[in-house]
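S.K.: The structure follows.
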Amino acid sequence: MMATAATCAFFPAANPPPDSGAKSSGNLGGSLPGSIDTRGLNVKKPSFGSLQAKANAQAPPKVNGTKVGVMDGFKNDDEVISSHHPRTFINQLPDWSMLLAAITTIFLAAEKQWMMLDWKPKRPDMLADPFGLGKIVQDGFVFRQNFSIRSYEIGADRTASIETMMNHLQETALNHVKSAGLMHGGFGSTPEMSKRNLIWVVTKMQVVVDRYPTWGDVVQVDTWVAASGKNGMRRDWLLRDSNTGDILMRASSQWVMMNKETRRLSKIPDEARAEIEGYFVDSPPVIDEDSRKLPKLDETTADYTRTGLTPRWSDLDVNQHVNNVKYIGWILESAPMQILEGCELAAMTLEYRRECRRDSVLQSLTSVLDKGVGDFTDFGNVECQHVLRLENGREVVKGRTEWRPKLVNGIGTLGGFDFA
């Protein structure tokens with residue numbers, strides 16, 4: 001084909017007859033008039049002079065995918081021959097520019113990922129543990145974890161709810177067991193507990209709140225465990241403001257073991273005790289135990305009652321019973337609106353009597369003590385008693401709550417409450 005192109009450039013041929021011209025034009029994919037070239041442009045018919053190209057020249061041939069043809073005017077034999085590159089290994093390789101661009105993209109992505117992993121806070125008030133994984137401190141006896149208060153964890157007063165803070169306590173407790181390498185199977189169960197179908201259940205919880213964090217605050221939670229009698233364990237928490245170090249909340253709880261199949265309480269097996277007693281801290285509880293007996297509460301003694309409370313599927317934990325934090329929300333369902341709007345929860349004592357299952361229907365009862373409080377002399381402190389029970393009257397949780405007036409610009413709310 002190259003020889004044909006060169007010959008046509010130097011030895012013009014006579015114009016073909018109309019029929020043959022149409023026939024040769026068909027080789028290009030369609031019938032073209034003699035006065036129109038392959039690009040669709042009108043051209044003059046060539047004359048029989050030397051060194052003139054044909055008007056209906058053939059389409060430029062291709063060599064290695066590159067078009068090689070006659071330029072406007074003419075080419076000599078040397079130019080045509082030199083443009084015919086031989087097939088070699090080099091010109092059959094892929095496009096090196098694309099390969100270089102791909103390598104550059106990979107390196108830039110790797111550099112960005114490395115910068116994220118090597119990130120360090122530039123301000124002292126920024127979160128020191130950006131991923132919130134927690135760590136073991138104080139010779140391996142205390143687990144510490146940071147939490148950032150999210151916008152969906154605050155209430156109408158723009159502070160974290162008590163349920164949010166209790167969930168943080170529960171999260172650190174489980175992560176403590178996991179970090180120690182003792183979690184196996186059940187919800188915080190050790191390997192020896194799992195062999196015997198044993199799980200931990202809480203029997204008593206005491207909480208004292210000094211101040212509630214607000215949206216964007218970072219709180220630091222420390223937790224540790226200690227022995228409690230012959231067949232129990234105590235777990236304490238200390239919640240601080242990570243920026244100032246101020247104590248926000250203290251909590252202490254007591255736990256026992258229960259058989260997951262029979263749902264009965266169990267003694268701590270010696271094998272399970274050997275797994276956990278190495279982590280016990282010999283220290284007093286962060287809160288003095290509230291030994292006051294909680295009085296019996298029923299329809300005749302309760303001031304407020306809320307019935308028809310039922311667990312949702314999302315309220316169950318992996319042990320197939322209602323999460324203990326959910327009980328707090330149910331207890332507060334029957335608290336009077338005057339207290340919820342004008343006060344904040346300052347202290348709470350809960351005694352867990354029996355578990356709540358998915359098909360349970362509950363009643364929440366509340367009694368307000370010292371109904372004359374709420375004036376200027378005692379700053380409006382209020383104490384309430386609570387019972388959460390099944391429809392058949394069997395108690396699930398008994399509790400006592402203490403409330404203080406909410407602060408407005410650092411000043412307590414004024415006025416009393418009418419509980420008549």
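In the structure tokens, chains take letters A, B, ... by order of appearance, with residues numbered from 1 within each chain and ligands from 1 in the order shown.
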Would you give me, as a ChimeraX atom specification, the residues in region 291-376 of chain A that DSSP reads as alpha helix (DSSP H)?
M.R.: /A:324-332,337-342
S.K.: Please provide the set of residues having any atom within 9 Å of region 246-260 of chain A, restricted to only C-alpha atoms, with same-chain residues fewer than 2 positions apart removed, written as a VMD selection string.
M.R.: chain A and resid 165 169 193 196 to 213 219 228 231 to 244 262 to 268 285 to 289 319
S.K.: Since we have the selection now, will you write its residues out, keeping N, CA and C atoms, as a compact mmCIF listing (two decimals), in the first residue's frame?
M.R.:
# COMPACT_ATOMS: atom_id res chain seq x y z
N MET A 165 -25.04 8.93 79.94
CA MET A 165 -23.91 8.74 80.83
C MET A 165 -23.86 7.31 81.36
N LEU A 169 -20.86 4.30 80.98
CA LEU A 169 -20.33 3.45 82.05
C LEU A 169 -20.37 1.99 81.63
N MET A 193 -16.71 -18.90 82.75
CA MET A 193 -18.14 -18.61 82.91
C MET A 193 -18.92 -19.15 81.71
N ARG A 196 -19.84 -22.76 81.77
CA ARG A 196 -20.91 -23.11 82.72
C ARG A 196 -22.19 -22.32 82.46
N ASN A 197 -22.28 -21.63 81.33
CA ASN A 197 -23.47 -20.84 80.96
C ASN A 197 -23.78 -19.77 82.00
N LEU A 198 -22.75 -19.12 82.53
CA LEU A 198 -22.93 -18.09 83.54
C LEU A 198 -22.74 -16.71 82.93
N ILE A 199 -23.53 -15.76 83.40
CA ILE A 199 -23.44 -14.37 82.96
C ILE A 199 -23.47 -13.47 84.18
N TRP A 200 -23.04 -12.23 84.01
CA TRP A 200 -23.10 -11.23 85.08
C TRP A 200 -24.43 -10.50 85.03
N VAL A 201 -25.01 -10.25 86.19
CA VAL A 201 -26.22 -9.42 86.30
C VAL A 201 -25.99 -8.42 87.44
N VAL A 202 -26.48 -7.21 87.26
CA VAL A 202 -26.32 -6.17 88.28
C VAL A 202 -27.46 -6.26 89.28
N THR A 203 -27.15 -6.11 90.56
CA THR A 203 -28.16 -6.16 91.62
C THR A 203 -28.40 -4.79 92.25
N LYS A 204 -27.39 -3.91 92.21
CA LYS A 204 -27.56 -2.59 92.82
C LYS A 204 -26.67 -1.59 92.11
N MET A 205 -27.21 -0.40 91.95
CA MET A 205 -26.47 0.68 91.28
C MET A 205 -26.69 1.98 92.03
N GLN A 206 -25.60 2.66 92.36
CA GLN A 206 -25.66 3.98 92.98
C GLN A 206 -24.92 4.98 92.12
N VAL A 207 -25.54 6.14 91.91
CA VAL A 207 -24.97 7.17 91.04
C VAL A 207 -25.12 8.52 91.71
N VAL A 208 -24.06 9.32 91.65
CA VAL A 208 -24.08 10.71 92.11
C VAL A 208 -23.54 11.58 90.98
N VAL A 209 -24.35 12.55 90.55
CA VAL A 209 -23.97 13.43 89.45
C VAL A 209 -23.70 14.82 90.00
N ASP A 210 -22.48 15.30 89.81
CA ASP A 210 -22.14 16.66 90.23
C ASP A 210 -22.44 17.68 89.14
N ARG A 211 -22.20 17.30 87.89
CA ARG A 211 -22.49 18.22 86.78
C ARG A 211 -22.66 17.39 85.51
N TYR A 212 -23.59 17.82 84.66
CA TYR A 212 -23.83 17.13 83.40
C TYR A 212 -23.02 17.78 82.28
N PRO A 213 -22.34 16.99 81.46
CA PRO A 213 -21.61 17.57 80.32
C PRO A 213 -22.59 18.05 79.24
N VAL A 219 -15.56 13.57 77.79
CA VAL A 219 -15.52 13.05 79.16
C VAL A 219 -14.57 11.87 79.21
N SER A 228 -16.76 -8.19 96.32
CA SER A 228 -17.94 -7.78 97.09
C SER A 228 -18.55 -9.03 97.72
N ASN A 231 -19.65 -14.00 96.95
CA ASN A 231 -20.14 -14.36 95.62
C ASN A 231 -20.55 -13.15 94.80
N GLY A 232 -19.86 -12.06 95.00
CA GLY A 232 -20.19 -10.86 94.25
C GLY A 232 -18.96 -10.10 93.80
N MET A 233 -19.19 -9.13 92.97
CA MET A 233 -18.13 -8.26 92.47
C MET A 233 -18.65 -6.83 92.46
N ARG A 234 -17.79 -5.90 92.80
CA ARG A 234 -18.16 -4.48 92.76
C ARG A 234 -17.41 -3.80 91.63
N ARG A 235 -18.10 -2.98 90.90
CA ARG A 235 -17.46 -2.19 89.85
C ARG A 235 -17.76 -0.72 90.09
N ASP A 236 -16.70 0.10 90.07
CA ASP A 236 -16.82 1.53 90.28
C ASP A 236 -16.42 2.29 89.02
N TRP A 237 -16.98 3.48 88.91
CA TRP A 237 -16.65 4.38 87.80
C TRP A 237 -16.39 5.79 88.33
N LEU A 238 -15.53 6.48 87.64
CA LEU A 238 -15.28 7.89 87.92
C LEU A 238 -15.26 8.61 86.58
N LEU A 239 -16.17 9.56 86.41
CA LEU A 239 -16.30 10.27 85.15
C LEU A 239 -15.84 11.71 85.35
N ARG A 240 -14.87 12.14 84.52
CA ARG A 240 -14.29 13.48 84.64
C ARG A 240 -14.43 14.25 83.33
N ASP A 241 -14.32 15.57 83.46
CA ASP A 241 -14.16 16.43 82.29
C ASP A 241 -12.71 16.29 81.83
N SER A 242 -12.49 15.81 80.61
CA SER A 242 -11.12 15.54 80.16
C SER A 242 -10.30 16.82 80.02
N ASN A 243 -10.95 17.97 79.90
CA ASN A 243 -10.23 19.23 79.73
C ASN A 243 -9.80 19.82 81.06
N THR A 244 -10.70 19.80 82.04
CA THR A 244 -10.41 20.42 83.33
C THR A 244 -10.04 19.42 84.41
N THR A 262 -31.06 -21.62 83.36
CA THR A 262 -32.08 -21.74 84.41
C THR A 262 -32.55 -20.38 84.91
N ARG A 263 -31.81 -19.30 84.61
CA ARG A 263 -32.12 -17.94 85.07
C ARG A 263 -32.09 -17.84 86.59
N ARG A 264 -31.27 -18.65 87.24
CA ARG A 264 -31.12 -18.61 88.69
C ARG A 264 -29.72 -18.10 89.03
N LEU A 265 -29.62 -17.43 90.21
CA LEU A 265 -28.32 -16.93 90.66
C LEU A 265 -27.41 -18.10 91.00
N SER A 266 -26.11 -17.88 90.85
CA SER A 266 -25.12 -18.93 91.05
C SER A 266 -23.94 -18.39 91.85
N LYS A 267 -23.28 -19.30 92.56
CA LYS A 267 -22.03 -18.95 93.23
C LYS A 267 -20.94 -18.79 92.18
N ILE A 268 -19.90 -18.07 92.55
CA ILE A 268 -18.78 -17.89 91.63
C ILE A 268 -17.90 -19.15 91.70
N PRO A 285 -15.39 1.83 97.97
CA PRO A 285 -16.23 2.32 96.86
C PRO A 285 -16.19 3.84 96.75
N VAL A 286 -16.42 4.35 95.56
CA VAL A 286 -16.37 5.79 95.33
C VAL A 286 -17.58 6.48 95.94
N ILE A 287 -18.61 5.71 96.30
CA ILE A 287 -19.81 6.25 96.92
C ILE A 287 -20.12 5.41 98.16
N ASP A 288 -20.38 6.07 99.26
CA ASP A 288 -20.79 5.35 100.46
C ASP A 288 -22.11 4.65 100.20
N GLU A 289 -22.19 3.41 100.60
CA GLU A 289 -23.38 2.63 100.31
C GLU A 289 -24.61 3.22 100.98
N ASN A 319 -27.84 -11.08 76.02
CA ASN A 319 -28.29 -12.13 76.95
C ASN A 319 -29.80 -12.29 76.96
S.K.: May I have the residues within 12 Å of Leu174 (chain A) as a PDB file with N, CA and C atoms, in the first residue's frame, using only C-alpha atoms and disregarding those fewer than 2 positions away in the same chain?
M.R.:
ATOM      1  N   LEU A 133     -10.599   4.253  71.759  1.00  0.00           N
ATOM      2  CA  LEU A 133     -10.440   2.826  71.998  1.00  0.00           C
ATOM      3  C   LEU A 133     -10.214   2.493  73.462  1.00  0.00           C
ATOM      4  N   GLY A 134      -9.725   3.430  74.219  1.00  0.00           N
ATOM      5  CA  GLY A 134      -9.467   3.183  75.627  1.00  0.00           C
ATOM      6  C   GLY A 134      -8.141   2.478  75.850  1.00  0.00           C
ATOM      7  N   PHE A 143      -9.198   0.792  83.768  1.00  0.00           N
ATOM      8  CA  PHE A 143      -9.420   0.995  82.329  1.00  0.00           C
ATOM      9  C   PHE A 143      -9.945   2.404  82.115  1.00  0.00           C
ATOM     10  N   ARG A 144      -9.395   3.106  81.128  1.00  0.00           N
ATOM     11  CA  ARG A 144      -9.756   4.504  80.864  1.00  0.00           C
ATOM     12  C   ARG A 144     -10.167   4.658  79.410  1.00  0.00           C
ATOM     13  N   GLN A 145     -11.276   5.386  79.199  1.00  0.00           N
ATOM     14  CA  GLN A 145     -11.775   5.614  77.850  1.00  0.00           C
ATOM     15  C   GLN A 145     -12.424   6.986  77.773  1.00  0.00           C
ATOM     16  N   ASN A 167     -24.886   4.685  79.707  1.00  0.00           N
ATOM     17  CA  ASN A 167     -24.397   3.874  78.592  1.00  0.00           C
ATOM     18  C   ASN A 167     -22.883   3.954  78.470  1.00  0.00           C
ATOM     19  N   HIS A 168     -22.300   5.112  78.750  1.00  0.00           N
ATOM     20  CA  HIS A 168     -20.847   5.241  78.742  1.00  0.00           C
ATOM     21  C   HIS A 168     -20.215   4.379  79.832  1.00  0.00           C
ATOM     22  N   LEU A 169     -20.857   4.303  80.976  1.00  0.00           N
ATOM     23  CA  LEU A 169     -20.333   3.453  82.051  1.00  0.00           C
ATOM     24  C   LEU A 169     -20.366   1.986  81.630  1.00  0.00           C
ATOM     25  N   GLN A 170     -21.457   1.576  81.044  1.00  0.00           N
ATOM     26  CA  GLN A 170     -21.565   0.179  80.623  1.00  0.00           C
ATOM     27  C   GLN A 170     -20.570  -0.150  79.522  1.00  0.00           C
ATOM     28  N   GLU A 171     -20.353   0.785  78.608  1.00  0.00           N
ATOM     29  CA  GLU A 171     -19.407   0.544  77.522  1.00  0.00           C
ATOM     30  C   GLU A 171     -17.982   0.350  78.052  1.00  0.00           C
ATOM     31  N   THR A 172     -17.573   1.185  78.995  1.00  0.00           N
ATOM     32  CA  THR A 172     -16.226   1.045  79.547  1.00  0.00           C
ATOM     33  C   THR A 172     -16.079  -0.258  80.319  1.00  0.00           C
ATOM     34  N   HIS A 176     -13.321  -2.936  79.295  1.00  0.00           N
ATOM     35  CA  HIS A 176     -12.326  -3.332  80.294  1.00  0.00           C
ATOM     36  C   HIS A 176     -12.121  -4.849  80.262  1.00  0.00           C
ATOM     37  N   VAL A 177     -13.229  -5.584  80.268  1.00  0.00           N
ATOM     38  CA  VAL A 177     -13.137  -7.040  80.218  1.00  0.00           C
ATOM     39  C   VAL A 177     -12.485  -7.490  78.911  1.00  0.00           C
ATOM     40  N   LYS A 178     -12.851  -6.842  77.823  1.00  0.00           N
ATOM     41  CA  LYS A 178     -12.290  -7.214  76.518  1.00  0.00           C
ATOM     42  C   LYS A 178     -10.800  -6.922  76.452  1.00  0.00           C
ATOM     43  N   SER A 179     -10.364  -5.778  76.961  1.00  0.00           N
ATOM     44  CA  SER A 179      -8.949  -5.409  76.919  1.00  0.00           C
ATOM     45  C   SER A 179      -8.110  -6.343  77.784  1.00  0.00           C
ATOM     46  N   ALA A 180      -8.715  -6.855  78.850  1.00  0.00           N
ATOM     47  CA  ALA A 180      -8.004  -7.794  79.718  1.00  0.00           C
ATOM     48  C   ALA A 180      -7.937  -9.191  79.120  1.00  0.00           C
ATOM     49  N   GLY A 181      -8.605  -9.404  78.004  1.00  0.00           N
ATOM     50  CA  GLY A 181      -8.587 -10.705  77.361  1.00  0.00           C
ATOM     51  C   GLY A 181      -9.479 -11.731  78.019  1.00  0.00           C
ATOM     52  N   LEU A 182     -10.500 -11.279  78.747  1.00  0.00           N
ATOM     53  CA  LEU A 182     -11.360 -12.196  79.492  1.00  0.00           C
ATOM     54  C   LEU A 182     -12.724 -12.386  78.852  1.00  0.00           C
ATOM     55  N   MET A 183     -13.052 -11.598  77.829  1.00  0.00           N
ATOM     56  CA  MET A 183     -14.377 -11.721  77.231  1.00  0.00           C
ATOM     57  C   MET A 183     -14.446 -12.952  76.348  1.00  0.00           C
ATOM     58  N   HIS A 184     -15.471 -13.760  76.564  1.00  0.00           N
ATOM     59  CA  HIS A 184     -15.615 -14.991  75.789  1.00  0.00           C
ATOM     60  C   HIS A 184     -17.093 -15.359  75.732  1.00  0.00           C
ATOM     61  N   GLY A 186     -20.463 -14.769  76.144  1.00  0.00           N
ATOM     62  CA  GLY A 186     -21.550 -13.955  76.674  1.00  0.00           C
ATOM     63  C   GLY A 186     -21.183 -12.495  76.842  1.00  0.00           C
ATOM     64  N   PHE A 187     -22.121 -11.757  77.392  1.00  0.00           N
ATOM     65  CA  PHE A 187     -21.983 -10.309  77.576  1.00  0.00           C
ATOM     66  C   PHE A 187     -21.058 -10.050  78.761  1.00  0.00           C
ATOM     67  N   GLY A 188     -19.733 -10.031  78.512  1.00  0.00           N
ATOM     68  CA  GLY A 188     -18.764  -9.816  79.577  1.00  0.00           C
ATOM     69  C   GLY A 188     -18.381 -11.086  80.309  1.00  0.00           C
ATOM     70  N   SER A 189     -18.764 -12.259  79.805  1.00  0.00           N
ATOM     71  CA  SER A 189     -18.450 -13.519  80.465  1.00  0.00           C
ATOM     72  C   SER A 189     -17.015 -13.923  80.173  1.00  0.00           C
ATOM     73  N   THR A 190     -16.352 -14.531  81.167  1.00  0.00           N
ATOM     74  CA  THR A 190     -15.012 -15.064  81.000  1.00  0.00           C
ATOM     75  C   THR A 190     -15.101 -16.460  80.376  1.00  0.00           C
ATOM     76  N   TRP A 200     -23.037 -12.227  84.009  1.00  0.00           N
ATOM     77  CA  TRP A 200     -23.096 -11.232  85.083  1.00  0.00           C
ATOM     78  C   TRP A 200     -24.432 -10.497  85.028  1.00  0.00           C
ATOM     79  N   THR A 223     -12.695   3.049  85.173  1.00  0.00           N
ATOM     80  CA  THR A 223     -13.452   1.989  85.828  1.00  0.00           C
ATOM     81  C   THR A 223     -12.505   0.914  86.341  1.00  0.00           C
ATOM     82  N   TRP A 224     -12.892   0.252  87.425  1.00  0.00           N
ATOM     83  CA  TRP A 224     -12.118  -0.825  88.027  1.00  0.00           C
ATOM     84  C   TRP A 224     -13.064  -1.728  88.812  1.00  0.00           C
ATOM     85  N   VAL A 225     -12.583  -2.889  89.206  1.00  0.00           N
ATOM     86  CA  VAL A 225     -13.407  -3.876  89.893  1.00  0.00           C
ATOM     87  C   VAL A 225     -12.766  -4.234  91.233  1.00  0.00           C
ATOM     88  N   ARG A 235     -18.099  -2.979  90.900  1.00  0.00           N
ATOM     89  CA  ARG A 235     -17.460  -2.188  89.852  1.00  0.00           C
ATOM     90  C   ARG A 235     -17.756  -0.721  90.087  1.00  0.00           C
TER      91      ARG A 235
END
S.K.: Which of these, A:Gly308, A:Glu192, A:Ala226, A:Val218, has the shortest distance to Val142 (chain A) once you count only C-alpha atoms?
M.R.: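 Answer, going by the shortest atom-to-atom distance: A:Ala226.
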S.K.: Please measure the separation of CA of Pro405 (chain A) and CA of Asn324 (chain A), giving the value in Å to one decimal.
M.R.: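 Spanning CA of Pro405 (chain A) to CA of Asn324 (chain A) is a straight-line distance of 26.4 Å.
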S.K.: Nearest to Arg357 (chain A): which of A:Gly342, A:Gly393, A:Gly399, A:Pro311 is it, counting only C-alpha atoms?
M.R.: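 When distances to Arg357 (chain A) are compared using only C-alpha atoms, the smallest one comes from A:Pro311.
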S.K.: Among the residues of region 148-225 of chain A, find those DSSP assigns to strand (DSSP E or B) from the backbone and print them as a VMD selection string.
M.R.: chain A and resid 148 154 159 to 160 198 to 209 214 218 to 225
S.K.: Determine, counting only C-alpha atoms, which protein, DNA and RNA residues have an atom within 12 Å of an atom of Ser161 (chain A); residues of the same chain fewer than 3 positions away are not included. Present the result as a ChimeraX atom specification.
M.R.: /A:149-158,164-168,209,211-215,325,328-329,332,340,344-346
